[in-house]
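Source file: query.cif. Holds: mmCIF, C-alpha atoms and all ligand atoms.
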data_query
#
loop_
_atom_site.label_atom_id
_atom_site.label_comp_id
_atom_site.auth_asym_id
_atom_site.auth_seq_id
_atom_site.Cartn_x
_atom_site.Cartn_y
_atom_site.Cartn_z
CA MET S 1 89.79 -160.52 25.24
CA LYS S 2 89.82 -157.97 28.05
CA VAL S 3 91.14 -157.57 31.58
CA LEU S 4 89.13 -155.81 34.30
CA ILE S 5 91.14 -154.47 37.24
CA HIS S 6 89.70 -153.16 40.51
CA LYS S 7 92.34 -151.47 42.70
CA GLU S 8 92.27 -152.01 46.44
CA LYS S 9 90.51 -149.17 48.35
CA ARG S 10 91.49 -148.21 51.90
CA GLU S 11 89.95 -145.83 54.41
CA VAL S 12 91.21 -144.48 57.72
CA VAL S 13 88.67 -144.74 60.55
CA ASP S 14 89.61 -143.50 64.05
CA GLY S 15 93.28 -143.37 63.01
CA ARG S 16 93.30 -146.98 61.80
CA GLU S 17 93.49 -148.01 58.15
CA PHE S 18 90.99 -150.55 56.80
CA ILE S 19 90.67 -152.27 53.42
CA VAL S 20 87.14 -151.37 52.31
CA SER S 21 87.30 -152.97 48.88
CA LYS S 22 89.70 -155.79 47.95
CA ALA S 23 91.75 -155.79 44.74
CA ARG S 24 90.33 -158.06 42.03
CA GLN S 25 91.19 -158.91 38.44
CA TYR S 26 88.93 -160.56 35.88
CA PHE S 27 89.91 -162.00 32.53
CA VAL S 28 87.04 -161.68 30.06
CA THR S 29 86.90 -163.97 27.04
CA ASP S 30 83.24 -163.60 26.06
CA LEU S 31 82.50 -159.94 25.33
CA SER S 32 78.85 -160.66 24.46
CA LYS S 33 77.84 -161.23 28.11
CA ASP S 34 77.73 -159.09 31.28
CA VAL S 35 80.57 -159.87 33.71
CA HIS S 36 79.56 -160.88 37.23
CA THR S 37 82.21 -159.82 39.77
CA LEU S 38 82.41 -159.83 43.56
CA HIS S 39 82.07 -156.05 43.27
CA GLY S 40 78.89 -156.08 41.14
CA VAL S 41 77.98 -156.59 37.49
CA ILE S 42 79.88 -154.96 34.61
CA SER S 43 77.64 -154.32 31.63
CA LYS S 44 78.67 -155.94 28.31
CA SER S 45 78.13 -152.55 26.64
CA ASP S 46 81.11 -151.17 28.63
CA LEU S 47 83.46 -153.92 27.36
CA SER S 48 83.78 -152.30 23.94
CA LYS S 49 85.23 -149.09 25.43
CA PRO S 50 88.89 -148.23 24.69
CA SER S 51 91.72 -149.79 26.72
CA GLY S 52 92.32 -147.70 29.85
CA SER S 53 88.67 -146.67 30.25
CA VAL S 54 87.38 -146.48 33.82
CA ILE S 55 84.00 -148.17 34.11
CA GLN S 56 81.61 -148.72 37.00
CA SER S 57 79.95 -151.91 38.19
CA GLY S 58 76.28 -152.06 39.17
CA THR S 59 77.33 -151.40 42.80
CA GLY S 60 79.32 -148.30 41.84
CA LYS S 61 82.80 -149.86 42.12
CA GLU S 62 85.42 -148.64 39.64
CA PHE S 63 87.27 -150.95 37.25
CA VAL S 64 89.96 -150.19 34.67
CA LEU S 65 89.36 -151.98 31.37
CA LEU S 66 92.48 -153.18 29.47
CA ASP S 67 92.89 -155.01 26.17
CA ALA S 68 94.42 -158.40 27.06
CA SER S 69 98.10 -158.56 26.07
CA PHE S 70 100.17 -161.64 25.16
CA ILE S 71 101.22 -162.13 28.78
CA ASP S 72 97.64 -161.80 30.10
CA VAL S 73 96.56 -164.64 27.82
CA TYR S 74 99.77 -166.66 28.43
CA LYS S 75 99.33 -166.63 32.22
CA ARG S 76 95.84 -168.09 31.91
CA LEU S 77 96.67 -170.94 29.51
CA ARG S 78 96.03 -174.52 30.59
CA LYS S 79 99.46 -175.68 31.77
CA LEU S 80 100.39 -179.33 32.22
CA PRO S 81 102.58 -180.39 35.18
CA GLN S 82 106.26 -179.38 34.94
CA THR S 83 105.69 -176.37 32.72
CA ILE S 84 108.74 -174.14 32.74
CA PRO S 85 108.15 -170.93 34.77
CA LEU S 86 108.63 -167.41 33.41
CA LYS S 87 111.72 -166.74 35.57
CA ASP S 88 113.56 -169.53 33.71
CA ILE S 89 112.26 -168.50 30.28
CA GLY S 90 113.56 -165.00 30.97
CA LEU S 91 117.09 -166.30 31.50
CA ILE S 92 117.02 -168.44 28.34
CA VAL S 93 115.92 -165.43 26.26
CA GLY S 94 118.51 -163.14 27.87
CA GLU S 95 121.49 -165.49 27.68
CA THR S 96 120.91 -166.63 24.09
CA GLY S 97 120.00 -163.20 22.70
CA ILE S 98 117.22 -164.49 20.46
CA ASN S 99 115.44 -161.91 18.32
CA SER S 100 112.90 -161.53 15.51
CA GLN S 101 115.26 -163.32 13.07
CA SER S 102 115.92 -166.39 15.23
CA ILE S 103 115.07 -169.93 14.14
CA ILE S 104 114.43 -172.23 17.11
CA VAL S 105 113.90 -175.95 17.63
CA ASP S 106 112.15 -176.95 20.88
CA GLY S 107 111.03 -180.17 22.54
CA GLY S 108 109.14 -181.69 24.23
CA LEU S 109 106.37 -179.33 23.47
CA GLY S 110 104.35 -180.22 26.63
CA SER S 111 101.63 -177.60 27.00
CA GLY S 112 103.49 -175.35 24.56
CA ALA S 113 104.45 -172.75 27.16
CA LEU S 114 108.14 -172.44 26.30
CA ALA S 115 107.54 -172.79 22.54
CA SER S 116 104.94 -170.00 22.68
CA ALA S 117 107.05 -167.64 24.78
CA LEU S 118 109.93 -168.13 22.32
CA ALA S 119 107.69 -167.75 19.26
CA HIS S 120 106.46 -164.43 20.64
CA ILE S 121 110.03 -163.15 20.14
CA ALA S 122 111.57 -165.29 17.39
CA LYS S 123 110.96 -165.72 13.66
CA HIS S 124 110.01 -169.39 13.82
CA VAL S 125 109.83 -172.25 16.34
CA THR S 126 109.55 -175.94 15.46
CA SER S 127 108.56 -178.05 18.44
CA TYR S 128 108.70 -181.86 18.75
CA GLU S 129 106.32 -183.90 20.93
CA VAL S 130 105.44 -187.59 21.24
CA ARG S 131 102.25 -187.55 23.33
CA ASP S 132 98.82 -186.92 21.78
CA ASP S 133 97.34 -185.34 24.94
CA CYS S 134 100.19 -182.78 25.08
CA LEU S 135 99.81 -182.04 21.36
CA ALA S 136 96.10 -181.27 21.84
CA THR S 137 96.68 -178.97 24.85
CA ALA S 138 99.54 -177.15 23.14
CA GLU S 139 97.59 -176.65 19.91
CA GLU S 140 94.73 -175.12 21.87
CA ASN S 141 97.12 -172.81 23.77
CA ILE S 142 98.94 -171.69 20.61
CA LYS S 143 95.59 -170.91 18.98
CA LYS S 144 94.50 -168.83 21.99
CA LEU S 145 97.71 -166.81 21.73
CA GLY S 146 97.19 -166.26 17.99
CA LEU S 147 100.71 -167.48 17.13
CA THR S 148 101.21 -168.56 13.52
CA ASN S 149 104.99 -169.13 13.57
CA ILE S 150 105.10 -172.49 15.39
CA THR S 151 105.37 -175.81 13.54
CA ILE S 152 104.49 -178.84 15.64
CA LYS S 153 105.97 -182.25 14.81
CA LYS S 154 104.72 -185.50 16.30
CA LYS S 155 108.15 -187.04 16.44
CA SER S 156 110.84 -187.99 18.98
CA LEU S 157 113.76 -185.58 19.23
CA TYR S 158 115.92 -188.61 20.11
CA ASP S 159 115.52 -189.78 16.50
CA GLY S 160 116.97 -186.62 14.95
CA ILE S 161 116.33 -182.98 14.08
CA ASP S 162 115.06 -182.19 10.57
CA GLU S 163 115.93 -178.48 10.71
CA SER S 164 119.36 -177.02 9.98
CA ASP S 165 121.05 -173.66 10.56
CA VAL S 166 119.20 -173.32 13.85
CA ASP S 167 119.96 -170.44 16.25
CA LEU S 168 118.70 -172.10 19.42
CA ILE S 169 117.66 -175.59 20.52
CA THR S 170 115.67 -175.83 23.77
CA LEU S 171 115.35 -179.25 25.41
CA ASP S 172 112.85 -180.03 28.14
CA LEU S 173 112.55 -183.80 28.05
CA PRO S 174 113.61 -186.79 30.19
CA GLU S 175 116.86 -187.79 28.43
CA PRO S 176 118.24 -184.62 26.82
CA TRP S 177 121.73 -186.09 26.32
CA LYS S 178 120.28 -188.28 23.54
CA VAL S 179 119.71 -185.13 21.45
CA ILE S 180 123.27 -183.80 21.67
CA PRO S 181 124.67 -185.52 18.50
CA HIS S 182 121.65 -184.29 16.48
CA ALA S 183 121.96 -180.78 17.93
CA ALA S 184 125.65 -180.61 16.99
CA LYS S 185 124.62 -181.08 13.32
CA SER S 186 121.48 -178.96 13.35
CA LEU S 187 122.77 -175.80 15.06
CA LYS S 188 124.46 -173.03 13.12
CA THR S 189 127.98 -172.18 14.29
CA GLY S 190 127.55 -169.78 17.21
CA GLY S 191 124.05 -171.13 17.95
CA PHE S 192 123.01 -172.19 21.46
CA ILE S 193 121.58 -175.34 23.00
CA ILE S 194 119.94 -175.28 26.42
CA SER S 195 118.62 -178.13 28.48
CA TYR S 196 116.05 -177.62 31.22
CA SER S 197 115.92 -180.45 33.77
CA PRO S 198 114.46 -180.74 37.28
CA SER S 199 117.03 -183.19 38.66
CA VAL S 200 120.79 -183.36 39.22
CA PRO S 201 121.46 -186.76 37.51
CA GLN S 202 119.90 -185.39 34.30
CA VAL S 203 122.23 -182.39 34.45
CA MET S 204 125.26 -184.65 35.09
CA ASP S 205 124.50 -186.93 32.16
CA PHE S 206 123.79 -184.01 29.84
CA VAL S 207 126.99 -182.13 30.72
CA ASN S 208 129.13 -185.31 30.53
CA GLU S 209 127.77 -185.97 27.04
CA LEU S 210 128.38 -182.34 26.00
CA HIS S 211 132.06 -182.70 26.93
CA LYS S 212 132.36 -185.61 24.44
CA GLN S 213 131.33 -183.31 21.55
CA ASP S 214 134.16 -181.15 20.21
CA LYS S 215 131.66 -179.03 18.23
CA LEU S 216 129.88 -177.91 21.39
CA LEU S 217 131.21 -175.79 24.23
CA TYR S 218 129.70 -176.23 27.68
CA LEU S 219 129.07 -172.78 29.17
CA LYS S 220 127.30 -173.05 32.53
CA THR S 221 124.50 -174.50 34.62
CA VAL S 222 122.14 -172.14 36.44
CA GLU S 223 119.28 -172.42 38.90
CA ILE S 224 117.17 -169.29 39.27
CA ILE S 225 115.75 -168.70 42.75
CA GLU S 226 112.87 -166.25 42.81
CA ARG S 227 111.94 -164.65 46.14
CA LEU S 228 108.76 -162.62 46.47
CA TRP S 229 108.53 -159.71 48.91
CA GLU S 230 105.66 -158.32 50.93
CA ILE S 231 105.36 -154.51 50.98
CA GLU S 232 102.81 -153.16 53.49
CA GLY S 233 103.73 -149.60 54.48
CA ARG S 234 106.96 -150.02 56.51
CA ARG S 235 106.50 -153.77 56.86
CA VAL S 236 108.83 -154.80 54.06
CA ARG S 237 110.17 -158.33 54.11
CA PRO S 238 110.47 -161.52 52.06
CA LYS S 239 107.21 -163.49 51.83
CA SER S 240 107.13 -166.39 54.25
CA THR S 241 106.08 -168.91 51.59
CA GLY S 242 108.93 -171.28 50.74
CA ILE S 243 111.14 -170.98 47.69
CA GLY S 244 110.33 -173.89 45.41
CA HIS S 245 112.68 -175.63 42.99
CA SER S 246 111.77 -175.62 39.31
CA GLY S 247 114.77 -176.73 37.27
CA PHE S 248 118.40 -176.35 36.25
CA ILE S 249 119.26 -174.73 32.94
CA VAL S 250 122.39 -175.95 31.16
CA PHE S 251 123.80 -173.66 28.47
CA ALA S 252 126.13 -174.70 25.64
CA ARG S 253 127.16 -173.24 22.29
CA LYS S 254 128.22 -174.62 18.92
CA ILE S 255 131.75 -173.42 18.19
CA LYS S 256 132.79 -175.58 15.18
CA CYS S 257 130.99 -176.45 11.97
C1 LIG S 301 108.24 -181.22 30.99
S1 LIG S 301 107.35 -181.41 29.52
C2 LIG S 301 107.80 -180.01 28.55
C3 LIG S 301 107.13 -178.75 28.99
C4 LIG S 301 107.27 -177.65 27.98
N1 LIG S 301 108.63 -177.17 27.89
C5 LIG S 301 106.34 -176.48 28.29
O1 LIG S 301 106.83 -175.35 28.41
O2 LIG S 301 105.13 -176.67 28.41
C6 LIG S 301 108.23 -182.70 28.70
C7 LIG S 301 107.57 -183.14 27.41
O3 LIG S 301 108.52 -183.87 26.64
C8 LIG S 301 107.80 -184.83 25.90
N2 LIG S 301 108.77 -185.82 25.41
C9 LIG S 301 109.28 -186.87 26.09
N3 LIG S 301 110.16 -187.53 25.31
C10 LIG S 301 110.19 -186.88 24.12
C11 LIG S 301 110.92 -187.08 22.91
N4 LIG S 301 111.76 -188.10 22.79
N5 LIG S 301 110.75 -186.20 21.88
C12 LIG S 301 109.87 -185.17 22.02
N6 LIG S 301 109.15 -184.94 23.13
C13 LIG S 301 109.31 -185.78 24.18
C14 LIG S 301 106.76 -185.33 26.89
O4 LIG S 301 105.70 -185.98 26.26
C15 LIG S 301 106.37 -184.04 27.60
O5 LIG S 301 105.25 -183.45 26.99
#

Output the file's structure as structure tokens, nothing else.
Amino acid sequence: MKVLIHKEKREVVDGREFIVSKARQYFVTDLSKDVHTLHGVISKSDLSKPSGSVIQSGTGKEFVLLDASFIDVYKRLRKLPQTIPLKDIGLIVGETGINSQSIIVDGGLGSGALASALAHIAKHVTSYEVRDDCLATAEENIKKLGLTNITIKKKSLYDGIDESDVDLITLDLPEPWKVIPHAAKSLKTGGFIISYSPSVPQVMDFVNELHKQDKLLYLKTVEIIERLWEIEGRRVRPKSTGIGHSGFIVFARKIKC
């Protein structure tokens, strides 16, 4: 898979700056066909050139050709509603310190976004899911990403966790508090459990249940607010589009075996 990037081109006419060619990006999955862009056709013969090559479309516009990376593919996956955004995944990875040796249990799998992002870093991820449509979408996404270290289980996390000595458990399901007793057994001492929920009552019930478990230590609840900025010469200001809510992340840690 390849990415074609055309950078915006500007020209100054009579002291005023104009955009003469708008920025465009194309994600190419079929390398056996020419690519039709708004800036002309890119020949299929150019798609086999090395990453970083500058190639020209039929109308003489320049494109940079890149090999698609994990994140290029990830951003274009089919995502089901309520998929966790990257800003929240970033915090989970940072706060739990997962690495190439980490063993993770995740659920519900949904479209497999969180499981895949974690599997890109960790040794192994097992993800639980109960719905067939989600399983099919996630399997397709995991295949597109070429990940081979995810095990999918069609099973409810409320009924128990098969894995033991787990470094991190990530919960993104309607009643996460039902998993707490299973997580207390399944985590290794020092391991983390996080719960990602869109609404306040879910956070309340989860944290209240955590406090009943002497093996688990409640750490904190965080909401990440991401604000995009517009940079146009000296016109530098926050974008006027509203800041949306995604979810709250509750962090806890196993402190007793
Ligand atoms: C918000 S989605 C998860 C999104 C996922 N984290 C992602 O990144 O794509 C919640 C999922 O939990 C699943 N689910 C609900 N109850 C479950 C249970 N008891 N065990 C496992 N999965 C469950 C749902 O079918 C749904 O796919």

**Request:** Please check which protein, DNA or RNA residues sit within 9 Å of ligand LIG 301 (chain S), counting all atoms listed in the file, and write them as a VMD selection string.
**Result:** chain S and resid 79 to 85 89 106 to 117 127 to 135 138 153 to 159 170 to 176 178 to 179 196 to 198

**Message:** Using all atoms listed in the file, which protein or nucleic acid residues come within 12 Å of Gly242 (chain S)? Drop anything in the same chain fewer than 5 positions from it, and give the result as an MDAnalysis selection string.
**Reply:** chainID S and resid 225:229

**Prompt:** Nearest to Ile55 (chain S) among S:Ile5, S:Ile169, S:Asp30, S:Asp72, with distances taken over all atoms listed in the file: which residue is it?
**Reply:** S:Ile5

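Taking CA of Leu219 (chain S) and CA of His124 (chain S) as endpoints, the distance between them is 24.7 Å.
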
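If you look at CA of Gln25 (chain S) and CA of Gly146 (chain S), they are 22.5 Å away from each other.
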
Let me have the centre and edge lengths in Å, one decimal, of the box along x, y and z around every listed atom of region 132-141 of chain S with 4 Å of margin on each side, as JSON.
{"center_x": 97.5, "center_y": -179.9, "center_z": 22.5, "size_x": 13.5, "size_y": 22.1, "size_z": 13.2}

**Request:** Name all residues at most 8 Å from region 56-62 of chain S (count all atoms listed in the file; drop same-chain ones fewer than 5 positions away) and give them as a list in words.
**Result:** His6, His39, Gly40, Val41, Ile42 and Ser43 of chain S

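Minimum atom-to-atom distance to Val73 (chain S), evaluated using all atoms listed in the file, belongs to S:Lys144 out of S:Lys144, S:Arg253, S:Arg235, S:Arg24.
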
**Request:** Quick one: residues within 8 Å of (91.7, -148.2, 30.0) (file frame), counting only C-alpha atoms, please, as an NGL selection string.
**Result:** :S and (49-54 or 64-67)

Can you spit out the residues from that selection as a compact mmCIF listing (two decimals), in the frame of the given file, using C-alpha atoms?
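again-v6.txt was written with the following content:
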# COMPACT_ATOMS: atom_id res chain seq x y z
CA LYS S 49 85.23 -149.09 25.43
CA PRO S 50 88.89 -148.23 24.69
CA SER S 51 91.72 -149.79 26.72
CA GLY S 52 92.32 -147.70 29.85
CA SER S 53 88.67 -146.67 30.25
CA VAL S 54 87.38 -146.48 33.82
CA VAL S 64 89.96 -150.19 34.67
CA LEU S 65 89.36 -151.98 31.37
CA LEU S 66 92.48 -153.18 29.47
CA ASP S 67 92.89 -155.01 26.17

If I only want region 79-90 of chain S, can you write it with N, CA, C and O atoms, as a JSON list (two decimals), in the first residue's frame?
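Written file, decode_1.json:
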[["chain", "number", "residue", "atom", "x", "y", "z"],
["S", 79, "LYS", "N", -14.25, 1.90, 10.92],
["S", 79, "LYS", "CA", -14.45, 2.01, 12.37],
["S", 79, "LYS", "C", -15.94, 2.04, 12.69],
["S", 79, "LYS", "O", -16.69, 2.78, 12.07],
["S", 80, "LEU", "N", -16.34, 1.25, 13.66],
["S", 80, "LEU", "CA", -17.74, 1.24, 14.10],
["S", 80, "LEU", "C", -17.95, 2.43, 15.04],
["S", 80, "LEU", "O", -16.98, 3.01, 15.52],
["S", 81, "PRO", "N", -19.24, 2.80, 15.31],
["S", 81, "PRO", "CA", -19.47, 3.93, 16.22],
["S", 81, "PRO", "C", -18.80, 3.68, 17.57],
["S", 81, "PRO", "O", -18.66, 2.53, 18.01],
["S", 82, "GLN", "N", -18.39, 4.76, 18.22],
["S", 82, "GLN", "CA", -17.78, 4.71, 19.56],
["S", 82, "GLN", "C", -16.40, 4.05, 19.58],
["S", 82, "GLN", "O", -16.02, 3.44, 20.58],
["S", 83, "THR", "N", -15.68, 4.18, 18.48],
["S", 83, "THR", "CA", -14.30, 3.70, 18.48],
["S", 83, "THR", "C", -13.44, 4.70, 19.24],
["S", 83, "THR", "O", -13.56, 5.91, 19.03],
["S", 84, "ILE", "N", -12.59, 4.21, 20.09],
["S", 84, "ILE", "CA", -11.74, 5.06, 20.91],
["S", 84, "ILE", "C", -10.78, 5.88, 20.03],
["S", 84, "ILE", "O", -10.15, 5.33, 19.14],
["S", 85, "PRO", "N", -10.68, 7.20, 20.25],
["S", 85, "PRO", "CA", -9.77, 8.00, 19.41],
["S", 85, "PRO", "C", -8.30, 7.88, 19.83],
["S", 85, "PRO", "O", -7.99, 7.49, 20.96],
["S", 86, "LEU", "N", -7.42, 8.29, 18.92],
["S", 86, "LEU", "CA", -5.98, 8.14, 19.16],
["S", 86, "LEU", "C", -5.50, 8.93, 20.39],
["S", 86, "LEU", "O", -4.59, 8.49, 21.08],
["S", 87, "LYS", "N", -6.10, 10.08, 20.65],
["S", 87, "LYS", "CA", -5.66, 10.88, 21.80],
["S", 87, "LYS", "C", -5.80, 10.07, 23.10],
["S", 87, "LYS", "O", -4.97, 10.18, 24.00],
["S", 88, "ASP", "N", -6.86, 9.27, 23.19],
["S", 88, "ASP", "CA", -7.09, 8.47, 24.40],
["S", 88, "ASP", "C", -6.20, 7.23, 24.44],
["S", 88, "ASP", "O", -5.71, 6.83, 25.49],
["S", 89, "ILE", "N", -5.96, 6.65, 23.27],
["S", 89, "ILE", "CA", -5.04, 5.49, 23.20],
["S", 89, "ILE", "C", -3.65, 5.93, 23.65],
["S", 89, "ILE", "O", -2.96, 5.23, 24.40],
["S", 90, "GLY", "N", -3.25, 7.13, 23.21],
["S", 90, "GLY", "CA", -1.93, 7.65, 23.57],
["S", 90, "GLY", "C", -1.74, 7.71, 25.08],
["S", 90, "GLY", "O", -0.68, 7.33, 25.60]]
